[in-house]
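Shown here: query-v2.pdb, PDB, C-alpha atoms.
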ATOM      1  CA  MET A 202      12.922  -6.211   3.564
ATOM      2  CA  LYS A 203      11.454  -9.693   3.581
ATOM      3  CA  THR A 204      12.207 -12.836   5.515
ATOM      4  CA  GLY A 205      11.677 -15.569   2.918
ATOM      5  CA  ASP A 206       8.176 -15.216   1.527
ATOM      6  CA  ARG A 207       6.917 -13.216   4.522
ATOM      7  CA  GLU A 208       5.789  -9.608   4.393
ATOM      8  CA  ILE A 209       5.941  -7.952   7.833
ATOM      9  CA  GLU A 210       4.911  -4.310   7.762
ATOM     10  CA  VAL A 211       2.800  -1.530   9.191
ATOM     11  CA  LYS A 212       1.384   1.716   7.760
ATOM     12  CA  PHE A 213       1.149   5.229   9.164
ATOM     13  CA  TYR A 214      -0.975   8.143   7.959
ATOM     14  CA  LEU A 215       1.130  11.274   7.405
ATOM     15  CA  ALA A 216      -0.256  14.762   7.910
ATOM     16  CA  ASN A 217       2.995  16.356   6.716
ATOM     17  CA  PRO A 218       4.860  14.103   4.265
ATOM     18  CA  ARG A 219       7.441  16.789   3.458
ATOM     19  CA  ALA A 220       8.488  17.013   7.112
ATOM     20  CA  PHE A 221       8.603  13.220   7.307
ATOM     21  CA  LEU A 222      10.900  13.066   4.274
ATOM     22  CA  ALA A 223      13.192  15.537   6.035
ATOM     23  CA  ARG A 224      13.247  13.226   9.061
ATOM     24  CA  LEU A 225      14.157  10.306   6.849
ATOM     25  CA  GLU A 226      17.064  12.236   5.371
ATOM     26  CA  ALA A 227      18.239  13.376   8.816
ATOM     27  CA  ALA A 228      18.118   9.774  10.036
ATOM     28  CA  GLY A 229      20.461   8.710   7.209
ATOM     29  CA  ALA A 230      17.928   6.776   5.164
ATOM     30  CA  GLU A 231      19.112   5.852   1.672
ATOM     31  CA  CYS A 232      16.733   6.513  -1.216
ATOM     32  CA  ILE A 233      16.804   3.321  -3.261
ATOM     33  CA  GLN A 234      13.980   4.298  -5.620
ATOM     34  CA  GLU A 235      12.941   7.827  -6.484
ATOM     35  CA  ARG A 236       9.236   8.677  -6.605
ATOM     36  CA  LEU A 237       7.442   6.525  -9.182
ATOM     37  CA  PHE A 238       3.864   6.330 -10.412
ATOM     38  CA  GLU A 239       2.182   2.944  -9.974
ATOM     39  CA  VAL A 240      -0.865   1.359 -11.526
ATOM     40  CA  ASN A 241      -2.171  -1.654  -9.621
ATOM     41  CA  LEU A 242      -4.796  -4.159 -10.717
ATOM     42  CA  ARG A 243      -6.401  -6.448  -8.152
ATOM     43  CA  PHE A 244      -7.776  -9.685  -9.567
ATOM     44  CA  ASP A 245     -10.313 -12.072  -8.115
ATOM     45  CA  THR A 246     -12.540 -14.939  -9.121
ATOM     46  CA  PRO A 247     -16.071 -14.055 -10.287
ATOM     47  CA  ASP A 248     -17.442 -15.074  -6.857
ATOM     48  CA  GLY A 249     -14.867 -12.984  -4.960
ATOM     49  CA  GLY A 250     -13.210 -16.035  -3.454
ATOM     50  CA  LEU A 251      -9.816 -14.404  -2.911
ATOM     51  CA  SER A 252     -11.213 -11.331  -1.172
ATOM     52  CA  GLN A 253     -13.501 -13.423   1.000
ATOM     53  CA  THR A 254     -10.475 -15.305   2.327
ATOM     54  CA  HIS A 255      -8.371 -12.104   2.613
ATOM     55  CA  ARG A 256      -5.949 -13.123  -0.123
ATOM     56  CA  VAL A 257      -4.545 -10.844  -2.803
ATOM     57  CA  LEU A 258      -3.646 -11.376  -6.456
ATOM     58  CA  ARG A 259      -2.161  -8.175  -7.851
ATOM     59  CA  LEU A 260      -0.522  -7.034 -11.075
ATOM     60  CA  ARG A 261       1.524  -3.835 -10.729
ATOM     61  CA  GLN A 262       3.152  -1.577 -13.302
ATOM     62  CA  ASP A 263       5.745   1.067 -12.428
ATOM     63  CA  LYS A 264       9.207   0.954 -13.996
ATOM     64  CA  CYS A 265       8.606  -2.786 -14.480
ATOM     65  CA  ALA A 266       5.686  -5.177 -14.104
ATOM     66  CA  ARG A 267       5.298  -7.424 -11.064
ATOM     67  CA  LEU A 268       2.838 -10.151 -10.148
ATOM     68  CA  THR A 269       2.112 -10.604  -6.441
ATOM     69  CA  TYR A 270       0.242 -13.088  -4.297
ATOM     70  CA  LYS A 271      -0.447 -12.317  -0.636
ATOM     71  CA  GLY A 272      -1.962 -14.725   1.840
ATOM     72  CA  ALA A 273      -4.265 -13.747   4.669
ATOM     73  CA  ALA A 274      -2.572 -11.690   7.380
ATOM     74  CA  ALA A 275      -2.228 -13.085  10.894
ATOM     75  CA  VAL A 276      -5.167 -11.885  13.006
ATOM     76  CA  GLY A 277      -4.668  -9.581  15.979
ATOM     77  CA  GLY A 278      -0.993  -8.819  15.492
ATOM     78  CA  ALA A 279       0.642  -5.453  16.109
ATOM     79  CA  VAL A 280       1.923  -5.535  12.518
ATOM     80  CA  SER A 281       0.659  -7.061   9.283
ATOM     81  CA  ASP A 282       2.380 -10.438   8.854
ATOM     82  CA  ARG A 283       1.470 -12.461   5.789
ATOM     83  CA  GLN A 284       2.845 -14.666   3.061
ATOM     84  CA  GLU A 285       3.953 -12.730  -0.014
ATOM     85  CA  ILE A 286       5.227 -14.158  -3.298
ATOM     86  CA  GLU A 287       6.267 -11.524  -5.834
ATOM     87  CA  PHE A 288       8.231 -11.603  -9.066
ATOM     88  CA  GLU A 289       8.770  -9.528 -12.195
ATOM     89  CA  VAL A 290       6.969 -10.347 -15.414
ATOM     90  CA  GLY A 291       8.218  -9.279 -18.810
ATOM     91  CA  ASP A 292       4.930  -8.052 -20.263
ATOM     92  CA  PHE A 293       2.194  -6.369 -18.222
ATOM     93  CA  SER A 294      -0.504  -6.832 -20.875
ATOM     94  CA  ALA A 295       0.374 -10.486 -21.457
ATOM     95  CA  ALA A 296       0.262 -11.187 -17.716
ATOM     96  CA  TRP A 297      -3.163  -9.507 -17.576
ATOM     97  CA  ARG A 298      -4.436 -11.701 -20.421
ATOM     98  CA  LEU A 299      -3.000 -14.806 -18.767
ATOM     99  CA  LEU A 300      -4.794 -14.108 -15.502
ATOM    100  CA  GLU A 301      -8.065 -13.546 -17.354
ATOM    101  CA  ALA A 302      -7.538 -16.786 -19.292
ATOM    102  CA  LEU A 303      -7.200 -18.569 -15.936
ATOM    103  CA  GLY A 304     -10.599 -17.220 -14.861
ATOM    104  CA  TYR A 305      -9.564 -14.175 -12.835
ATOM    105  CA  GLN A 306     -10.918 -10.721 -13.506
ATOM    106  CA  VAL A 307      -9.975  -7.205 -12.453
ATOM    107  CA  PHE A 308     -12.218  -6.042  -9.643
ATOM    108  CA  VAL A 309     -10.444  -2.794  -8.759
ATOM    109  CA  ARG A 310      -7.737  -0.520 -10.118
ATOM    110  CA  TYR A 311      -5.749   1.748  -7.841
ATOM    111  CA  GLU A 312      -2.918   4.245  -8.243
ATOM    112  CA  LYS A 313      -0.173   5.705  -6.118
ATOM    113  CA  TRP A 314       3.074   7.634  -6.207
ATOM    114  CA  ARG A 315       5.794   5.819  -4.218
ATOM    115  CA  ALA A 316       9.361   6.536  -3.137
ATOM    116  CA  THR A 317      11.419   3.839  -1.402
ATOM    117  CA  TYR A 318      14.098   4.170   1.269
ATOM    118  CA  ARG A 319      16.317   1.855   3.274
ATOM    119  CA  LEU A 320      17.185   2.538   6.907
ATOM    120  CA  ASN A 321      19.260  -0.075   8.703
ATOM    121  CA  SER A 322      17.285  -3.342   8.551
ATOM    122  CA  VAL A 323      13.979  -1.874   7.350
ATOM    123  CA  GLU A 324      12.525  -0.607   4.097
ATOM    124  CA  ILE A 325      10.367   2.507   4.214
ATOM    125  CA  VAL A 326       8.071   3.615   1.422
ATOM    126  CA  VAL A 327       6.382   7.000   1.248
ATOM    127  CA  ASP A 328       3.106   6.775  -0.636
ATOM    128  CA  GLU A 329       0.906   9.464  -2.069
ATOM    129  CA  MET A 330      -2.509   7.877  -2.458
ATOM    130  CA  PRO A 331      -5.585   9.483  -4.003
ATOM    131  CA  PHE A 332      -6.999   9.773  -0.460
ATOM    132  CA  GLY A 333      -3.910  10.887   1.470
ATOM    133  CA  ASN A 334      -0.250  10.357   2.326
ATOM    134  CA  PHE A 335       1.208   7.366   4.108
ATOM    135  CA  CYS A 336       4.411   5.580   4.908
ATOM    136  CA  GLU A 337       4.904   1.842   5.238
ATOM    137  CA  ILE A 338       7.734   0.319   7.249
ATOM    138  CA  GLU A 339       8.654  -3.248   6.378
ATOM    139  CA  GLY A 340      11.252  -5.235   8.245
ATOM    140  CA  PRO A 341      12.331  -8.677   9.436
ATOM    141  CA  ASP A 342      10.261  -8.486  12.635
ATOM    142  CA  GLU A 343       8.011  -6.289  14.747
ATOM    143  CA  ALA A 344      10.863  -5.058  16.934
ATOM    144  CA  SER A 345      12.846  -3.605  14.033
ATOM    145  CA  ILE A 346       9.733  -1.888  12.633
ATOM    146  CA  ARG A 347       8.791  -0.458  16.020
ATOM    147  CA  GLN A 348      12.337   0.846  16.558
ATOM    148  CA  ALA A 349      12.380   2.550  13.150
ATOM    149  CA  ALA A 350       8.968   4.126  13.752
ATOM    150  CA  ALA A 351      10.091   5.527  17.106
ATOM    151  CA  GLY A 352      13.294   6.909  15.587
ATOM    152  CA  LEU A 353      11.257   8.720  12.938
ATOM    153  CA  GLY A 354       8.869  10.262  15.450
ATOM    154  CA  LEU A 355       5.845   8.175  14.505
ATOM    155  CA  ASP A 356       3.132   7.406  17.035
ATOM    156  CA  TRP A 357       2.996   3.618  17.281
ATOM    157  CA  SER A 358      -0.574   3.715  18.599
ATOM    158  CA  ALA A 359      -1.650   5.336  15.297
ATOM    159  CA  ARG A 360      -0.304   2.463  13.174
ATOM    160  CA  ILE A 361      -2.492   0.904  10.483
ATOM    161  CA  VAL A 362      -2.472  -2.781   9.558
ATOM    162  CA  ALA A 363      -5.364  -2.553   7.086
ATOM    163  CA  SER A 364      -4.685  -2.489   3.347
ATOM    164  CA  TYR A 365      -5.226   0.567   1.178
ATOM    165  CA  LEU A 366      -8.245  -1.094  -0.376
ATOM    166  CA  ALA A 367      -9.725  -1.782   3.056
ATOM    167  CA  LEU A 368      -9.330   1.931   3.825
ATOM    168  CA  PHE A 369     -10.955   2.712   0.476
ATOM    169  CA  ASP A 370     -13.925   0.526   1.412
ATOM    170  CA  LEU A 371     -14.277   2.421   4.706
ATOM    171  CA  LEU A 372     -14.104   5.739   2.858
ATOM    172  CA  ARG A 373     -16.777   4.739   0.353
ATOM    173  CA  LEU A 374     -19.044   3.550   3.147
ATOM    174  CA  LYS A 375     -18.595   6.649   5.305
ATOM    175  CA  ARG A 376     -18.937   9.162   2.476
ATOM    176  CA  GLN A 377     -21.488   7.102   0.510
ATOM    177  CA  LEU A 378     -19.289   7.247  -2.582
ATOM    178  CA  LYS A 379     -20.223   5.530  -5.813
ATOM    179  CA  VAL A 380     -16.676   5.492  -7.238
ATOM    180  CA  LYS A 381     -15.322   1.984  -7.781
ATOM    181  CA  GLU A 382     -11.668   2.703  -8.534
ATOM    182  CA  LEU A 383      -9.025   4.263  -6.324
ATOM    183  CA  THR A 384      -7.594   6.708  -8.839
ATOM    184  CA  PHE A 385      -6.446  10.308  -8.599
ATOM    185  CA  GLU A 386      -8.958  11.360 -11.245
ATOM    186  CA  ASP A 387     -11.931   9.761  -9.493
ATOM    187  CA  LEU A 388     -11.147  11.227  -6.058
ATOM    188  CA  ALA A 389      -9.787  14.609  -7.200
ATOM    189  CA  PRO A 390     -13.063  16.502  -6.549
ATOM    190  CA  LEU A 391     -13.120  15.380  -2.882
ATOM    191  CA  THR A 392     -11.443  16.672   0.256
ATOM    192  CA  ILE A 393     -10.659  13.560   2.290
ATOM    193  CA  THR A 394      -9.547  13.620   5.922
ATOM    194  CA  ALA A 395      -7.914  11.031   8.154
ATOM    195  CA  ASP A 396     -11.240  10.690   9.948
ATOM    196  CA  ASP A 397     -12.900   9.695   6.670
ATOM    197  CA  LEU A 398     -10.495   6.747   6.550
ATOM    198  CA  GLY A 399     -10.894   5.810  10.206
ATOM    199  CA  VAL A 400      -7.255   6.633  10.972
ATOM    200  CA  ARG A 401      -5.289   9.455  12.603
ATOM    201  CA  PRO A 402      -1.981  11.122  11.736
ATOM    202  CA  ALA A 403       1.052   9.398  13.224
ATOM    203  CA  ASP A 404       3.597  12.145  12.560
ATOM    204  CA  HIS A 405       4.013  14.506  15.466
ATOM    205  CA  ASP A 406       4.554  17.611  13.376
ATOM    206  CA  PRO A 407       1.458  18.147  11.221
ATOM    207  CA  GLY A 408       2.634  21.644  10.307
TER     208      GLY A 408
END

Starting from the file, lay out its structure as structure tokens.
Amino acid sequence: MKTGDREIEVKFYLANPRAFLARLEAAGAECIQERLFEVNLRFDTPDGGLSQTHRVLRLRQDKCARLTYKGAAAVGGAVSDRQEIEFEVGDFSAAWRLLEALGYQVFVRYEKWRATYRLNSVEIVVDEMPFGNFCEIEGPDEASIRQAAAGLGLDWSARIVASYLALFDLLRLKRQLKVKELTFEDLAPLTITADDLGVRPADHDPG
């Protein structure tokens, strides 16, 4: 749920995603997209200029292909607030070749399973990542996101404003991992905890 080209959101680590889905249903959330598998490619310049300035250039494939640009997030906020420009592209492979022709290159590939819900003025996604389960709440402002989180029994103090790739970097550093891509295959041999990611569960019913 965006305001213009702004993305305002926050993440939460889920210890019990099944119980959280039940809470969503009980709260009257509407499923607007059933669980889908995503492949995401992050692009950067050879010198890492986008990452160094906390900007994102991403090509995503699920039921369609989308190209996304994200600006640097505002520093110190209670939620992640950043510019986001996103649109569908007709051909994933052609978009990939175009970006490479412009001098960008893939520096990381990551996967997830995602289901999307709408609840009042916010959009809630439930993500299964190779290193754990999360939800993201996106809305028009911090107040609407905070209200939705409280209604779903999420601990606001456990919120996460870092990106999935930032969490991946923390994981690789803490566990001294050599893997370069955030894929289910690469992380399947590992048991990964919230502590490995520097986060804690926000759902009050870990089961």

message: When the PyMOL selection byres ((chain A and resi 328) around 8) is applied to the structure above, which residues does it catch, written out as a ChimeraX atom specification?
response: /A:313-316,326-327,329-330,334-337

Could you turn the residues from that selection into a file that holds C-alpha atoms, as a compact mmCIF listing (two decimals), in the frame of the given file?
# COMPACT_ATOMS: atom_id res chain seq x y z
CA LYS A 313 -0.17 5.70 -6.12
CA TRP A 314 3.07 7.63 -6.21
CA ARG A 315 5.79 5.82 -4.22
CA ALA A 316 9.36 6.54 -3.14
CA VAL A 326 8.07 3.62 1.42
CA VAL A 327 6.38 7.00 1.25
CA GLU A 329 0.91 9.46 -2.07
CA MET A 330 -2.51 7.88 -2.46
CA ASN A 334 -0.25 10.36 2.33
CA PHE A 335 1.21 7.37 4.11
CA CYS A 336 4.41 5.58 4.91
CA GLU A 337 4.90 1.84 5.24

Residues selected by the PyMOL selection byres ((chain A and resi 317-320) around 8), written as a ChimeraX atom specification: /A:228-236,315-316,321-327,349

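Excluding Ser358 in chain A itself and any same-chain residue fewer than 5 positions from it, the protein and nucleic acid residues within 12 Å of it, counting all atoms listed in the file, are A:Val211, A:Lys212, A:Phe213, A:Tyr214, A:Ala279, A:Val280, A:Arg347, A:Ala350, A:Ala351, A:Val400, A:Arg401, A:Pro402, A:Ala403, A:Asp404.
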
message: Please compute the CA of Ala220 in chain A-CA of Ser281 in chain A distance, one decimal, in Å.
response: 25.4 Å

task: For Arg310 in chain A, list every protein, DNA or RNA residue within 8 Å, evaluated using only C-alpha atoms, and leave out those in the same chain fewer than 5 positions away; present the list as a list in words.
output: Val240, Asn241, Leu242, Arg243, Glu382, Leu383 and Thr384 of chain A

- prompt: Rounded to one decimal in Å, what is the spacing between CA of Ala275 in chain A and CA of Val290 in chain A?
  reply: 28.0 Å

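Between Asp370 in chain A and the residues A:Ile346, A:Gly399, A:Gly272, A:Ala389, the shortest atom-to-atom distance, using all atoms listed in the file, involves A:Gly399.
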
- prompt: Once you count only C-alpha atoms, which residues end up no further than 9 Å from (-7.7, 12.4, 2.0) in the file's frame, shown as a list in words?
  reply: Met330, Pro331, Phe332, Gly333, Asn334, Leu388, Leu391, Thr392, Ile393, Thr394, Ala395, Asp396, Asp397 and Leu398 of chain A

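Distance check against Phe293 in chain A using only C-alpha atoms: of A:Leu260, A:Val309, A:Ile209, A:Ala273, the minimum falls on A:Leu260.
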
Counting all atoms listed in the file, what is within 12 Å of Arg283 in chain A, bar same-chain residues fewer than 5 positions away, as a short mmCIF file (atom, residue, chain, number, x, y, z; two decimals) with C-alpha atoms, in the coordinates of the input?
data_model
loop_
_atom_site.label_atom_id
_atom_site.label_comp_id
_atom_site.auth_asym_id
_atom_site.auth_seq_id
_atom_site.Cartn_x
_atom_site.Cartn_y
_atom_site.Cartn_z
CA LYS A 203 11.45 -9.69 3.58
CA THR A 204 12.21 -12.84 5.52
CA GLY A 205 11.68 -15.57 2.92
CA ASP A 206 8.18 -15.22 1.53
CA ARG A 207 6.92 -13.22 4.52
CA GLU A 208 5.79 -9.61 4.39
CA ILE A 209 5.94 -7.95 7.83
CA GLU A 210 4.91 -4.31 7.76
CA VAL A 211 2.80 -1.53 9.19
CA HIS A 255 -8.37 -12.10 2.61
CA ARG A 256 -5.95 -13.12 -0.12
CA VAL A 257 -4.54 -10.84 -2.80
CA TYR A 270 0.24 -13.09 -4.30
CA LYS A 271 -0.45 -12.32 -0.64
CA GLY A 272 -1.96 -14.72 1.84
CA ALA A 273 -4.26 -13.75 4.67
CA ALA A 274 -2.57 -11.69 7.38
CA ALA A 275 -2.23 -13.08 10.89
CA VAL A 276 -5.17 -11.88 13.01
CA GLY A 278 -0.99 -8.82 15.49
CA GLU A 339 8.65 -3.25 6.38
CA ASP A 342 10.26 -8.49 12.64
CA VAL A 362 -2.47 -2.78 9.56
CA SER A 364 -4.68 -2.49 3.35
#
